[in-house]
Structures are given as structure tokens and as C-alpha cells.
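A.B. asks: Hey, dropping coords.txt in here, compact mmCIF, C-alpha atoms:
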```
# COMPACT_ATOMS: atom_id res chain seq x y z
CA MET X 294 36.00 -74.33 -28.20
CA SER X 295 39.48 -74.94 -29.56
CA SER X 296 42.61 -73.10 -28.71
CA THR X 297 45.84 -72.64 -30.56
CA THR X 298 49.30 -71.91 -29.29
CA PRO X 299 50.89 -69.06 -31.22
CA HIS X 300 54.31 -69.78 -32.68
CA SER X 301 56.91 -67.31 -31.55
CA ALA X 302 59.02 -65.64 -34.21
CA PRO X 303 62.61 -66.89 -34.47
CA SER X 304 65.06 -64.75 -32.55
CA THR X 305 67.55 -62.55 -34.36
CA ASP X 306 70.39 -64.74 -33.13
CA LYS X 307 68.73 -67.83 -34.55
CA LEU X 308 68.12 -66.13 -37.90
CA ASN X 309 71.73 -65.00 -38.01
CA LEU X 310 72.90 -68.54 -37.30
CA ARG X 311 70.79 -69.87 -40.16
CA ALA X 312 72.10 -67.21 -42.49
CA ALA X 313 75.68 -67.99 -41.48
CA LEU X 314 75.25 -71.67 -42.28
CA ILE X 315 73.53 -70.93 -45.58
CA GLU X 316 76.43 -68.64 -46.54
CA ARG X 317 78.88 -71.45 -45.85
CA ILE X 318 76.79 -73.92 -47.84
CA GLY X 319 76.95 -71.50 -50.73
CA GLY X 320 80.70 -71.03 -50.39
CA TYR X 321 81.40 -72.82 -53.65
CA MET X 322 79.25 -70.25 -55.45
CA ILE X 323 81.37 -67.30 -54.38
CA ALA X 324 84.56 -69.29 -55.06
CA HIS X 325 83.43 -70.09 -58.58
CA SER X 326 82.42 -66.47 -59.11
CA ILE X 327 85.88 -65.30 -58.04
CA GLY X 328 87.43 -67.79 -60.48
CA VAL X 329 85.31 -66.52 -63.37
CA ALA X 330 86.12 -62.91 -62.47
CA ALA X 331 89.83 -63.77 -62.51
CA GLU X 332 89.54 -65.53 -65.87
CA LEU X 333 87.74 -62.53 -67.35
CA GLY X 334 90.31 -60.14 -65.90
CA LEU X 335 87.60 -57.98 -64.31
CA ALA X 336 89.88 -56.64 -61.59
CA ASP X 337 92.43 -55.54 -64.20
CA LEU X 338 89.72 -53.73 -66.16
CA ILE X 339 88.25 -52.02 -63.10
CA GLY X 340 91.65 -50.97 -61.77
CA SER X 341 91.78 -48.34 -59.04
CA GLY X 342 88.62 -46.53 -60.10
CA SER X 343 85.11 -47.68 -60.95
CA ARG X 344 83.66 -48.96 -64.22
CA HIS X 345 80.13 -49.31 -65.50
CA CYS X 346 78.95 -52.84 -66.09
CA GLY X 347 78.15 -52.03 -69.70
CA GLU X 348 81.76 -51.09 -70.36
CA LEU X 349 83.01 -54.23 -68.66
CA ALA X 350 80.60 -56.40 -70.62
CA ALA X 351 81.74 -54.87 -73.91
CA GLU X 352 85.42 -55.35 -73.09
CA THR X 353 84.98 -58.94 -71.91
CA GLU X 354 82.43 -59.81 -74.61
CA THR X 355 79.96 -61.04 -72.02
CA HIS X 356 76.20 -60.76 -71.49
CA GLU X 357 75.72 -57.50 -69.57
CA PRO X 358 72.70 -58.47 -67.41
CA SER X 359 74.42 -61.71 -66.37
CA LEU X 360 77.73 -59.97 -65.71
CA ARG X 361 75.99 -57.40 -63.51
CA ARG X 362 74.49 -60.17 -61.39
CA LEU X 363 77.92 -61.78 -61.05
CA LEU X 364 79.40 -58.46 -59.93
CA ARG X 365 76.62 -57.97 -57.39
CA LEU X 366 77.46 -61.36 -55.90
CA LEU X 367 81.10 -60.27 -55.70
CA VAL X 368 79.91 -57.17 -53.85
CA ALA X 369 78.04 -59.37 -51.38
CA GLY X 370 81.22 -61.42 -50.96
CA GLY X 371 83.34 -58.37 -50.17
CA ILE X 372 85.33 -58.52 -53.40
CA ALA X 373 83.78 -55.46 -55.07
CA ALA X 374 81.63 -52.43 -54.24
CA GLU X 375 78.78 -50.79 -56.13
CA PRO X 376 79.09 -47.05 -55.36
CA GLU X 377 76.20 -46.25 -57.69
CA PRO X 378 73.80 -48.47 -59.61
CA GLY X 379 75.61 -50.38 -62.33
CA CYS X 380 79.09 -49.07 -61.45
CA PHE X 381 81.60 -51.29 -59.72
CA ALA X 382 84.88 -50.76 -57.89
CA LEU X 383 87.28 -53.09 -56.11
CA THR X 384 87.65 -53.43 -52.37
CA ASP X 385 91.09 -53.92 -50.83
CA LEU X 386 90.29 -57.63 -50.77
CA GLY X 387 89.32 -57.69 -54.43
CA SER X 388 92.34 -55.64 -55.50
CA GLN X 389 94.43 -58.76 -54.95
CA LEU X 390 92.86 -60.11 -58.14
CA ARG X 391 94.69 -57.47 -60.18
CA ALA X 392 97.68 -58.84 -62.11
CA ASP X 393 99.70 -55.69 -61.38
CA SER X 394 99.17 -55.86 -57.62
CA PRO X 395 102.27 -56.74 -55.57
CA ASP X 396 99.86 -58.88 -53.54
CA SER X 397 98.29 -60.48 -56.61
CA LEU X 398 96.48 -63.79 -56.22
CA LYS X 399 94.94 -63.68 -59.68
CA ASN X 400 96.57 -66.87 -60.94
CA PHE X 401 96.03 -68.54 -57.58
CA ALA X 402 92.31 -67.84 -58.00
CA ARG X 403 92.34 -69.05 -61.59
CA MET X 404 94.06 -72.29 -60.60
CA PHE X 405 92.14 -73.28 -57.50
CA CYS X 406 88.76 -72.12 -58.80
CA ASP X 407 89.35 -74.09 -61.99
CA PRO X 408 87.00 -77.01 -62.79
CA LEU X 409 90.05 -79.26 -62.47
CA PHE X 410 89.93 -78.87 -58.69
CA PHE X 411 86.20 -78.24 -58.35
CA THR X 412 85.52 -81.59 -60.00
CA SER X 413 87.99 -83.29 -57.68
CA TRP X 414 86.18 -81.89 -54.65
CA GLN X 415 82.94 -83.40 -55.93
CA GLY X 416 84.63 -86.70 -55.12
CA LEU X 417 85.12 -85.78 -51.45
CA HIS X 418 82.61 -88.44 -50.38
CA HIS X 419 84.72 -91.05 -52.19
CA THR X 420 87.80 -89.89 -50.29
CA ILE X 421 86.02 -89.94 -46.94
CA SER X 422 84.49 -93.37 -47.63
CA ARG X 423 87.53 -95.10 -49.09
CA GLY X 424 90.53 -93.06 -47.96
CA GLU X 425 91.53 -92.67 -51.61
CA ARG X 426 92.43 -89.53 -53.53
CA ALA X 427 89.41 -88.05 -55.26
CA PHE X 428 91.64 -86.50 -57.94
CA ASP X 429 92.97 -89.88 -59.02
CA HIS X 430 89.48 -91.38 -58.88
CA THR X 431 88.16 -88.58 -61.11
CA TYR X 432 90.99 -88.22 -63.62
CA GLY X 433 92.61 -91.65 -63.54
CA THR X 434 96.03 -90.26 -62.64
CA GLY X 435 97.78 -88.32 -59.88
CA VAL X 436 97.75 -84.54 -59.86
CA TYR X 437 101.48 -84.15 -60.56
CA ASP X 438 101.38 -86.68 -63.40
CA TYR X 439 98.40 -84.75 -64.76
CA LEU X 440 100.32 -81.46 -64.60
CA ALA X 441 103.33 -83.03 -66.33
CA GLN X 442 101.04 -84.06 -69.18
CA HIS X 443 99.36 -80.63 -69.47
CA PRO X 444 102.05 -77.94 -69.82
CA GLU X 445 99.68 -74.95 -69.87
CA THR X 446 97.98 -76.06 -66.66
CA SER X 447 101.38 -76.80 -65.13
CA MET X 448 102.55 -73.26 -65.95
CA LEU X 449 99.44 -71.77 -64.34
CA PHE X 450 99.98 -73.98 -61.28
CA ASN X 451 103.58 -72.79 -60.94
CA GLU X 452 102.47 -69.16 -61.27
CA ALA X 453 99.81 -69.73 -58.61
CA MET X 454 102.36 -71.25 -56.25
CA SER X 455 104.70 -68.33 -56.84
CA GLU X 456 101.94 -65.85 -55.93
CA GLU X 457 101.04 -67.80 -52.82
CA SER X 458 104.64 -67.99 -51.62
CA ARG X 459 105.76 -64.43 -52.44
CA HIS X 460 105.04 -62.94 -49.01
CA SER X 461 106.21 -65.94 -47.03
CA ALA X 462 109.42 -65.93 -49.09
CA GLU X 463 110.19 -62.39 -47.97
CA GLN X 464 109.35 -63.29 -44.37
CA ILE X 465 111.60 -66.34 -44.45
CA ALA X 466 114.42 -64.31 -46.00
CA SER X 467 114.20 -61.63 -43.32
CA GLY X 468 113.07 -63.78 -40.39
CA TYR X 469 115.73 -66.49 -40.45
CA ASP X 470 119.42 -65.85 -39.76
CA PHE X 471 120.94 -67.16 -42.98
CA PRO X 472 124.75 -67.20 -43.23
CA GLU X 473 126.54 -64.73 -45.47
CA ALA X 474 128.29 -67.56 -47.34
CA GLY X 475 127.61 -71.17 -48.25
CA THR X 476 124.96 -72.95 -50.34
CA VAL X 477 121.21 -73.05 -49.78
CA VAL X 478 119.33 -75.90 -51.48
CA ASP X 479 115.59 -75.37 -51.94
CA LEU X 480 113.99 -78.79 -52.40
CA GLY X 481 110.71 -78.52 -54.27
CA GLY X 482 111.72 -74.92 -54.96
CA GLY X 483 109.46 -74.38 -57.99
CA ASP X 484 110.22 -71.22 -59.92
CA GLY X 485 112.89 -69.98 -57.51
CA THR X 486 110.82 -67.30 -55.77
CA LEU X 487 112.04 -68.29 -52.30
CA LEU X 488 115.74 -68.53 -53.17
CA THR X 489 115.54 -65.22 -55.02
CA ALA X 490 114.34 -63.54 -51.82
CA ILE X 491 117.05 -65.24 -49.74
CA LEU X 492 120.00 -64.60 -52.08
CA ARG X 493 119.11 -61.09 -53.22
CA ASP X 494 120.71 -59.27 -50.26
CA ARG X 495 123.39 -61.88 -49.48
CA PRO X 496 125.95 -61.68 -52.29
CA GLY X 497 128.20 -64.31 -50.72
CA LEU X 498 125.49 -66.97 -50.62
CA ARG X 499 124.86 -69.47 -53.41
CA GLY X 500 121.75 -71.48 -54.17
CA ILE X 501 120.27 -74.51 -55.91
CA VAL X 502 116.60 -74.73 -56.89
CA PHE X 503 115.72 -78.43 -57.03
CA ASP X 504 112.38 -79.74 -58.29
CA SER X 505 110.80 -81.98 -60.91
CA ALA X 506 111.33 -81.02 -64.55
CA SER X 507 107.89 -79.41 -64.79
CA GLY X 508 108.19 -77.84 -61.34
CA VAL X 509 111.50 -76.14 -62.03
CA ALA X 510 110.67 -75.11 -65.61
CA GLU X 511 110.16 -71.40 -64.84
CA ALA X 512 113.07 -71.10 -62.38
CA PRO X 513 115.74 -70.05 -64.94
CA ALA X 514 113.62 -67.06 -65.99
CA THR X 515 113.02 -66.03 -62.36
CA LEU X 516 116.71 -66.28 -61.51
CA SER X 517 117.73 -64.44 -64.67
CA LYS X 518 115.32 -61.59 -63.98
CA ALA X 519 116.80 -61.24 -60.49
CA GLY X 520 120.37 -61.32 -61.82
CA LEU X 521 121.21 -64.48 -59.87
CA THR X 522 122.20 -66.95 -62.59
CA ASP X 523 125.89 -66.62 -61.69
CA ARG X 524 125.35 -68.02 -58.18
CA CYS X 525 122.11 -69.99 -58.32
CA GLU X 526 121.28 -72.93 -60.56
CA ALA X 527 118.07 -74.79 -61.30
CA LEU X 528 118.30 -78.57 -61.23
CA ALA X 529 115.61 -81.07 -62.20
CA GLY X 530 115.43 -84.28 -60.23
CA ASP X 531 113.44 -86.56 -57.96
CA PHE X 532 113.81 -86.01 -54.21
CA PHE X 533 112.63 -89.55 -53.59
CA GLN X 534 115.82 -90.76 -55.27
CA SER X 535 118.50 -88.17 -54.62
CA VAL X 536 119.13 -84.54 -53.67
CA PRO X 537 122.19 -82.30 -54.18
CA GLY X 538 124.84 -83.31 -51.68
CA ASP X 539 126.84 -80.12 -51.25
CA GLY X 540 124.45 -77.85 -49.40
CA ASP X 541 124.85 -76.09 -46.08
CA ILE X 542 121.15 -75.37 -45.59
CA TYR X 543 118.33 -77.44 -47.07
CA ILE X 544 114.87 -75.87 -47.23
CA ILE X 545 111.70 -77.86 -47.76
CA LYS X 546 108.79 -75.42 -47.99
CA SER X 547 105.15 -76.47 -48.37
CA VAL X 548 106.16 -79.90 -49.65
CA PHE X 549 105.23 -82.35 -46.93
CA GLN X 550 101.60 -81.25 -47.10
CA ASP X 551 101.54 -82.82 -50.57
CA TRP X 552 102.49 -86.28 -49.36
CA GLY X 553 101.34 -88.97 -46.97
CA ASP X 554 103.46 -90.12 -44.04
CA GLU X 555 105.24 -92.92 -45.91
CA GLU X 556 106.25 -90.65 -48.79
CA SER X 557 107.27 -87.84 -46.42
CA ARG X 558 109.53 -90.18 -44.49
CA ALA X 559 111.05 -91.34 -47.79
CA ILE X 560 111.88 -87.73 -48.71
CA LEU X 561 113.51 -87.18 -45.33
CA ARG X 562 115.53 -90.40 -45.59
CA THR X 563 116.81 -89.28 -49.00
CA CYS X 564 117.84 -85.94 -47.49
CA ARG X 565 119.52 -87.64 -44.55
CA ALA X 566 121.46 -89.94 -46.87
CA HIS X 567 122.80 -87.18 -49.13
CA MET X 568 123.15 -84.01 -47.06
CA PRO X 569 126.38 -83.34 -45.12
CA GLN X 570 126.39 -84.14 -41.41
CA SER X 571 127.05 -80.44 -40.75
CA ALA X 572 124.06 -79.20 -42.75
CA THR X 573 120.81 -77.76 -41.38
CA LEU X 574 117.32 -78.71 -42.55
CA LEU X 575 114.57 -76.08 -42.49
CA ILE X 576 111.00 -77.28 -42.91
CA VAL X 577 108.71 -74.36 -43.71
CA GLY X 578 104.99 -74.95 -43.63
CA THR X 579 101.82 -75.12 -41.64
CA VAL X 580 101.96 -76.61 -38.17
CA LEU X 581 98.49 -77.58 -37.03
CA PRO X 582 97.37 -77.02 -33.44
CA GLU X 583 96.84 -80.19 -31.45
CA THR X 584 93.10 -79.41 -31.36
CA ALA X 585 91.21 -77.63 -34.11
CA ASP X 586 89.85 -74.12 -33.63
CA THR X 587 88.55 -71.24 -35.74
CA SER X 588 91.62 -69.00 -35.56
CA ALA X 589 93.17 -70.00 -38.91
CA PRO X 590 90.69 -71.84 -41.14
CA VAL X 591 92.98 -71.79 -44.19
CA MET X 592 95.23 -74.45 -42.69
CA PHE X 593 92.28 -76.83 -42.39
CA LEU X 594 91.08 -76.00 -45.91
CA THR X 595 94.56 -76.87 -47.16
CA ASP X 596 94.64 -80.07 -45.13
CA VAL X 597 91.45 -81.45 -46.67
CA ASN X 598 92.39 -80.14 -50.13
CA MET X 599 95.58 -82.18 -49.87
CA MET X 600 93.56 -85.22 -48.82
CA VAL X 601 91.37 -84.82 -51.92
CA THR X 602 94.04 -84.01 -54.49
CA THR X 603 97.44 -85.40 -53.48
CA GLY X 604 96.81 -87.74 -50.58
CA GLY X 605 98.93 -85.48 -48.40
CA ARG X 606 98.14 -83.76 -45.12
CA GLU X 607 99.08 -80.99 -42.74
CA ARG X 608 100.69 -82.05 -39.44
CA THR X 609 101.00 -81.04 -35.82
CA GLU X 610 104.31 -80.25 -34.16
CA SER X 611 104.36 -83.61 -32.41
CA GLU X 612 103.78 -85.40 -35.72
CA PHE X 613 106.64 -83.50 -37.36
CA ARG X 614 108.93 -84.26 -34.44
CA ALA X 615 108.14 -87.98 -34.58
CA MET X 616 108.65 -88.12 -38.35
CA LEU X 617 111.99 -86.33 -38.15
CA GLU X 618 113.22 -88.50 -35.29
CA GLU X 619 112.30 -91.67 -37.19
CA THR X 620 114.34 -90.55 -40.21
CA GLY X 621 117.54 -89.53 -38.44
CA PHE X 622 117.03 -85.88 -37.53
CA THR X 623 116.98 -83.94 -34.28
CA VAL X 624 114.69 -80.92 -33.97
CA ARG X 625 116.50 -77.84 -32.69
CA SER X 626 113.64 -75.33 -32.76
CA VAL X 627 110.08 -74.74 -33.94
CA GLY X 628 109.28 -71.13 -34.80
CA ASP X 629 105.51 -70.83 -34.93
CA GLY X 630 104.55 -68.06 -37.31
CA ASP X 631 108.16 -67.19 -38.21
CA ALA X 632 107.11 -67.05 -41.88
CA GLY X 633 103.77 -65.27 -41.57
CA PRO X 634 101.11 -67.96 -41.34
CA LEU X 635 103.81 -70.60 -41.77
CA SER X 636 106.24 -71.97 -39.21
CA ILE X 637 109.93 -72.86 -39.51
CA ILE X 638 111.17 -76.14 -38.05
CA ARG X 639 114.96 -76.31 -37.75
CA ALA X 640 116.50 -79.77 -37.61
CA VAL X 641 119.96 -81.29 -37.95
CA PRO X 642 121.17 -84.81 -38.70
CA THR X 643 121.24 -86.85 -35.54
CA SER X 644 124.81 -87.61 -34.51
CA VAL X 645 125.88 -91.19 -35.03
CA ALA X 646 127.55 -92.61 -31.92
```
As C-alpha cells - that is how I would like this structure written.

C.D. replies:
Amino acid sequence: MSSTTPHSAPSTDKLNLRAALIERIGGYMIAHSIGVAAELGLADLIGSGSRHCGELAAETETHEPSLRRLLRLLVAGGIAAEPEPGCFALTDLGSQLRADSPDSLKNFARMFCDPLFFTSWQGLHHTISRGERAFDHTYGTGVYDYLAQHPETSMLFNEAMSEESRHSAEQIASGYDFPEAGTVVDLGGGDGTLLTAILRDRPGLRGIVFDSASGVAEAPATLSKAGLTDRCEALAGDFFQSVPGDGDIYIIKSVFQDWGDEESRAILRTCRAHMPQSATLLIVGTVLPETADTSAPVMFLTDVNMMVTTGGRERTESEFRAMLEETGFTVRSVGDGDAGPLSIIRAVPTSVA
């Protein structure tokens, strides 16, 4: 007579753990779906109400049954809701994909869900194995050289960066005690979004947006729209070679994450060589905790994305302090979270005995 041992059913906790891992494995699917939705402009078409899938398919010239399945996935991902069969509305999360939203991340989604970056991430194993940039391995050139050679992609990238920095720009402008007069130099300042926020309510302050030719291309339009062209100029240049020498405050926001340690030290040495001894340097960016945790996953996503695309990295406070000390600066303060999710490191040139 044989006996069998019955298998117990998996516990709810175990099933939930499996589902959670499977969701994370499928993360690229929801990301790609968000990118397609942004390209199609679905959030703009849905607006603040709800729209039937048939209407959306007609307006986007897409295959209705396939579009409905895409929208259902966006519902599952918290981007949309389906209040009645076949009708879709936006959640608060999904509303950020609207171009007219003050919190819009539409172009950010279009850029970072683009095959340009998806294909780079397929080379993650190459990066982990060799310590080399997957982007360069895939496309045969660096990401910034690629953008310089593709103006339309470069414009979208600049728009994406402007969307990403809009809120932190306001928080920097209100959270740091800028002087009422003097000159603020924004190194790697892109389209001028940050300096616009800083100068807008300080009529005695002047500014310089400094970036590569492609990086600073949209800055004149931003400054003109804000009525700041009389006291803020856009300059193209290379911060590895030189930076404007007449500033009182130098801001470097979300730049060092793009570069490895050697390049970052080179940027700082250039700043130290050209900025006045009396000037202040503000580094605005992510400061990693000394040990990883789950409290702010975006900073770790960014860190590995930099590893894949630019060869850069995020850094801890101790790493920033060491890098600044090595290049002739003294850290005066580190304001964790002073710019929303970003921190502000204030440093000054080290006095020469």
C-alpha cells in the first residue's frame, strides 16, 4: 500500500512575493507602454474627462483592439482608469503625461522610453562584464556626440531635461539664500530653466547659462520668454577647458552624474582655476546614502542609467567631499533634500596659505 504526501498550497504571502517579482521583471513592458502612449499623445486626447477607445483609435490612426489592450495595461500600471468598459480616463499619475500639465513629463517619457535608450540598456551585461558604456558599444559613439549629430533628438533631450528640472529649479530658487545682486553662472545650464527661476524675482541679479552648443541651443528662447535677455546671457563652451570667470555663484546641477571620477575632477579643476577666490560653488544633485535602501529607488535607477549611457555615476556625501577637497575646494554645508529629491552642496575655494 503506497502513501503520498499532499502538497500544501502556497501561502498568500508567497504568492504575493512571486507576483511582485514578476511585476518587476515586466517593468520594461510598462515603461515601453508609457513611451508609446506619450508618442501617440493619448493623455492630451483624454484630457480631464474620459474617452472611448474607438474615438482614441480614430484620432491616433491606430488599431482599436490593440490600443484598448495597451490602455488596459496602463490601467494596471496606475496610469489610467477604465470607469466603464472601453472608456478610459487619466489618474493623477497619468495626468503628468499631458503636455499642458504644469507637472508634465511627456517629453521625459518620450525620451527615456525611446528605443535609443532601451537598446542601450540591452547592453547592460556588456557594461557589467567590461566596465564599458553600453551606449558607446551599441552606437559606436558617446551619447553627447550622438545628440550633437542628431538635432531633433537633441531638442527632445533638452525638453525632457527641462521638464525634469522644473520643480527642482523652483525649490532651488526659493530654498537657497541667493544675493540680491551679483552674477550667477549655471554650468551645464541647458535651456536656462534653473536661472529663469532664480532671476525672476531678483531684479538686481544677473546670470550666465553656460553649456555645449547643442545643450544651450534653446536657452535664448527660454530667457526671452521670461523677459530676462537684458540681464542673462547664454554662452556655448566646454567646461573641461574654461568657464566664465566673473561669477559670484557657480551652480553645477545634475552634471557630475554624467561623468566618471576623472572627468568630474577635471570639471572642478577648471572651475577652481577660473572662478574668483570669493565665489561660491553650489553642486545640486543626488547624494546617495552610504548604504542602499528602498526609500528612493529613482536615485539608483539614475546611477545605473548613467553607468550604461554616459559612464557617469551618482555619489555619496563622503565621495563628493573627497572629490572637492582633491580639487581645491572646502565644503561649507550639505543640505540633504534642499531641492526636493536633490541636495545642495555648498563649497568655496580653499584658501591658499

A.B. asks: In the coordinate frame of the file, compute which residues have an atom within 9 Å of (105.2, -71.3, -46.7) when using only C-alpha atoms, and state them as a list in words.

C.D. replies: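 Looking at atoms near the point gives Glu457, Ser458, Arg459, His460, Ser461, Ala462, Ile465, Lys546, Ser547, Val577, Gly578, Thr579, Ala632, Gly633, Pro634, Leu635, Ser636 and Ile637 of chain X.
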
A.B. asks: Fewer than 6 positions away in the same chain doesn't count, so skip those; otherwise give me all residues within 7 Å of X:Ala640, counting all atoms listed in the file, as JSON, numbers by chain.

C.D. replies: {"X": [573, 574, 575, 622, 623, 624, 625]}

A.B. asks: Excluding stretch 488-491 of chain X and residues on its chain fewer than 5 positions from it, collect all residues at most 7 Å away from it, counting only C-alpha atoms, and give them as a ChimeraX atom specification.

C.D. replies: /X:462-463,466,479,500,516,519

A.B. asks: How close does stretch 297-331 of chain X get to stretch 376-388 of chain X? List, as JSON lines, each residue of stretch 297-331 of chain X within 12 Å, its nearest atom pair and the distance in Å to one decimal, counting only C-alpha atoms.

C.D. replies:
```
{"residue": "X:Ile327", "atom": "CA", "partner": "X:Gly387", "partner_atom": "CA", "distance": 9.1}
{"residue": "X:Gly328", "atom": "CA", "partner": "X:Gly387", "partner_atom": "CA", "distance": 11.9}
{"residue": "X:Ala330", "atom": "CA", "partner": "X:Gly387", "partner_atom": "CA", "distance": 10.1}
{"residue": "X:Ala331", "atom": "CA", "partner": "X:Gly387", "partner_atom": "CA", "distance": 10.1}
```

A.B. asks: Report, in Å to a single decimal, how far apart atom CA of X:Phe428 and atom CA of X:Asp551 are.

C.D. replies: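 Between atom CA of X:Asp551 and atom CA of X:Phe428 the gap is 12.9 Å.
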
A.B. asks: May I ask for the distance between atom CA of X:Glu618 and atom CA of X:Gly553, given in Å to one decimal place?

C.D. replies: 16.7 Å

A.B. asks: With stretch 448-455 of chain X as the partner and 7 Å as the cut-off, tabulate the residues of stretch 327-435 of chain X that qualify, each row holding the nearest pair of atoms and their distance in Å to one decimal, using only C-alpha atoms, sorted by chain and rising number, as JSON lines.

C.D. replies:
```
{"residue": "X:Asn400", "atom": "CA", "partner": "X:Ala453", "partner_atom": "CA", "distance": 4.9}
{"residue": "X:Phe401", "atom": "CA", "partner": "X:Ala453", "partner_atom": "CA", "distance": 4.1}
{"residue": "X:Met404", "atom": "CA", "partner": "X:Phe450", "partner_atom": "CA", "distance": 6.2}
```

A.B. asks: Could you tell me how far atom CA of X:Asp504 sits from atom CA of X:Trp552, in Å to one decimal place?

C.D. replies: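 Atom CA of X:Asp504 lies 14.8 Å from atom CA of X:Trp552.
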
A.B. asks: Axis-aligned box over every listed atom of stretch 403-412 of chain X, padded by 5 Å per side: centre and edges in Å to one decimal, as AutoDock Vina command-line options?

C.D. replies:
```
--center_x 89.8 --center_y -75.3 --center_z -60.1 --size_x 18.5 --size_y 22.5 --size_z 15.3
```

A.B. asks: For X:Gly604, which of X:Pro582, X:Gly468, X:Gly424, X:Gly433 is the closest residue, counting all atoms listed in the file?

C.D. replies: X:Gly424

A.B. asks: For stretch 356-369 of chain X, find every residue with an atom within 7 Å (counting all atoms listed in the file), except residues of its own chain fewer than 6 positions away, and show them as a PyMOL selection string.

C.D. replies: chain X and resi 326+346-347+350+375

A.B. asks: Taking the point (91.5, -87.8, -63.0) as given in the file, collect each protein or nucleic acid residue that comes within 12 Å of it, counting all atoms listed in the file, and present the set as a list in words.

C.D. replies: Pro408, Leu409, Phe410, Phe411, Thr412, Ser413, Trp414, Gln415, Gly416, Arg426, Ala427, Phe428, Asp429, His430, Thr431, Tyr432, Gly433, Thr434, Gly435, Val436, Tyr437, Asp438, Tyr439, Leu440, Gln442, Val601, Thr602 and Thr603 of chain X

A.B. asks: When you count only C-alpha atoms, which of these residues is closest to X:Glu473: X:Met600, X:Leu487, X:Ile542, X:Cys406?

C.D. replies: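 Ranking X:Met600, X:Leu487, X:Ile542, X:Cys406 by distance to X:Glu473, first place goes to X:Ile542.
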
A.B. asks: Closest to X:Thr353 among X:Met322, X:Cys564, X:Leu333, X:Ile339, using all atoms listed in the file?

C.D. replies: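 Ranked by minimum distance to X:Thr353, first place goes to X:Leu333.
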
A.B. asks: Would you kindly return, as a VMD selection string, each protein, DNA or RNA residue with an atom no farther than 9 Å from any atom of stretch 520-527 of chain X, considering all atoms listed in the file and excluding same-chain residues fewer than 3 positions away?

C.D. replies: chain X and resid 476 482 484 to 485 488 to 489 492 to 493 496 to 504 509 to 510 512 to 513 515 to 517

A.B. asks: Find the residue from X:Gly621, X:Phe593, X:Thr486, X:Thr355 that sits nearest to X:Arg606; use all atoms listed in the file when measuring.

C.D. replies: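 Under the stated criterion, the closest residue is X:Phe593.
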
A.B. asks: Which one is closest to X:Gly508: X:Asp531, X:Glu332, X:Asp407, X:Glu316? Count all atoms listed in the file.

C.D. replies: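 Nearest to X:Gly508: X:Asp531.
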
A.B. asks: My structure is short of atoms at stretch 572-586 of chain X; please model N, CA and C atoms there, returning them as a tab-separated table (two decimals), in the coordinates of the input.

C.D. replies:
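Final output, out14.tsv:
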```
chain	number	residue	atom	x	y	z
X	572	ALA	N	125.10	-80.04	-42.15
X	572	ALA	CA	124.06	-79.20	-42.75
X	572	ALA	C	122.86	-79.04	-41.81
X	573	THR	N	122.05	-78.04	-42.12
X	573	THR	CA	120.81	-77.76	-41.38
X	573	THR	C	119.62	-77.95	-42.31
X	574	LEU	N	118.56	-78.55	-41.81
X	574	LEU	CA	117.32	-78.71	-42.55
X	574	LEU	C	116.27	-77.75	-42.00
X	575	LEU	N	115.66	-76.97	-42.88
X	575	LEU	CA	114.57	-76.08	-42.49
X	575	LEU	C	113.29	-76.55	-43.18
X	576	ILE	N	112.31	-76.94	-42.38
X	576	ILE	CA	111.00	-77.28	-42.91
X	576	ILE	C	110.09	-76.08	-42.69
X	577	VAL	N	109.58	-75.53	-43.78
X	577	VAL	CA	108.71	-74.36	-43.71
X	577	VAL	C	107.31	-74.77	-44.14
X	578	GLY	N	106.36	-74.56	-43.27
X	578	GLY	CA	104.99	-74.95	-43.63
X	578	GLY	C	104.04	-74.74	-42.47
X	579	THR	N	102.85	-75.20	-42.67
X	579	THR	CA	101.82	-75.12	-41.64
X	579	THR	C	102.09	-76.13	-40.54
X	580	VAL	N	101.94	-75.70	-39.31
X	580	VAL	CA	101.96	-76.61	-38.17
X	580	VAL	C	100.60	-76.50	-37.49
X	581	LEU	N	99.85	-77.58	-37.58
X	581	LEU	CA	98.49	-77.58	-37.03
X	581	LEU	C	98.51	-77.55	-35.50
X	582	PRO	N	97.51	-76.90	-34.90
X	582	PRO	CA	97.37	-77.02	-33.44
X	582	PRO	C	96.95	-78.45	-33.08
X	583	GLU	N	97.19	-78.83	-31.87
X	583	GLU	CA	96.84	-80.19	-31.45
X	583	GLU	C	95.33	-80.41	-31.45
X	584	THR	N	94.56	-79.34	-31.24
X	584	THR	CA	93.10	-79.41	-31.36
X	584	THR	C	92.65	-78.31	-32.30
X	585	ALA	N	91.67	-78.60	-33.12
X	585	ALA	CA	91.21	-77.63	-34.11
X	585	ALA	C	90.46	-76.47	-33.46
X	586	ASP	N	90.61	-75.29	-34.07
X	586	ASP	CA	89.85	-74.12	-33.63
X	586	ASP	C	89.55	-73.27	-34.85
```
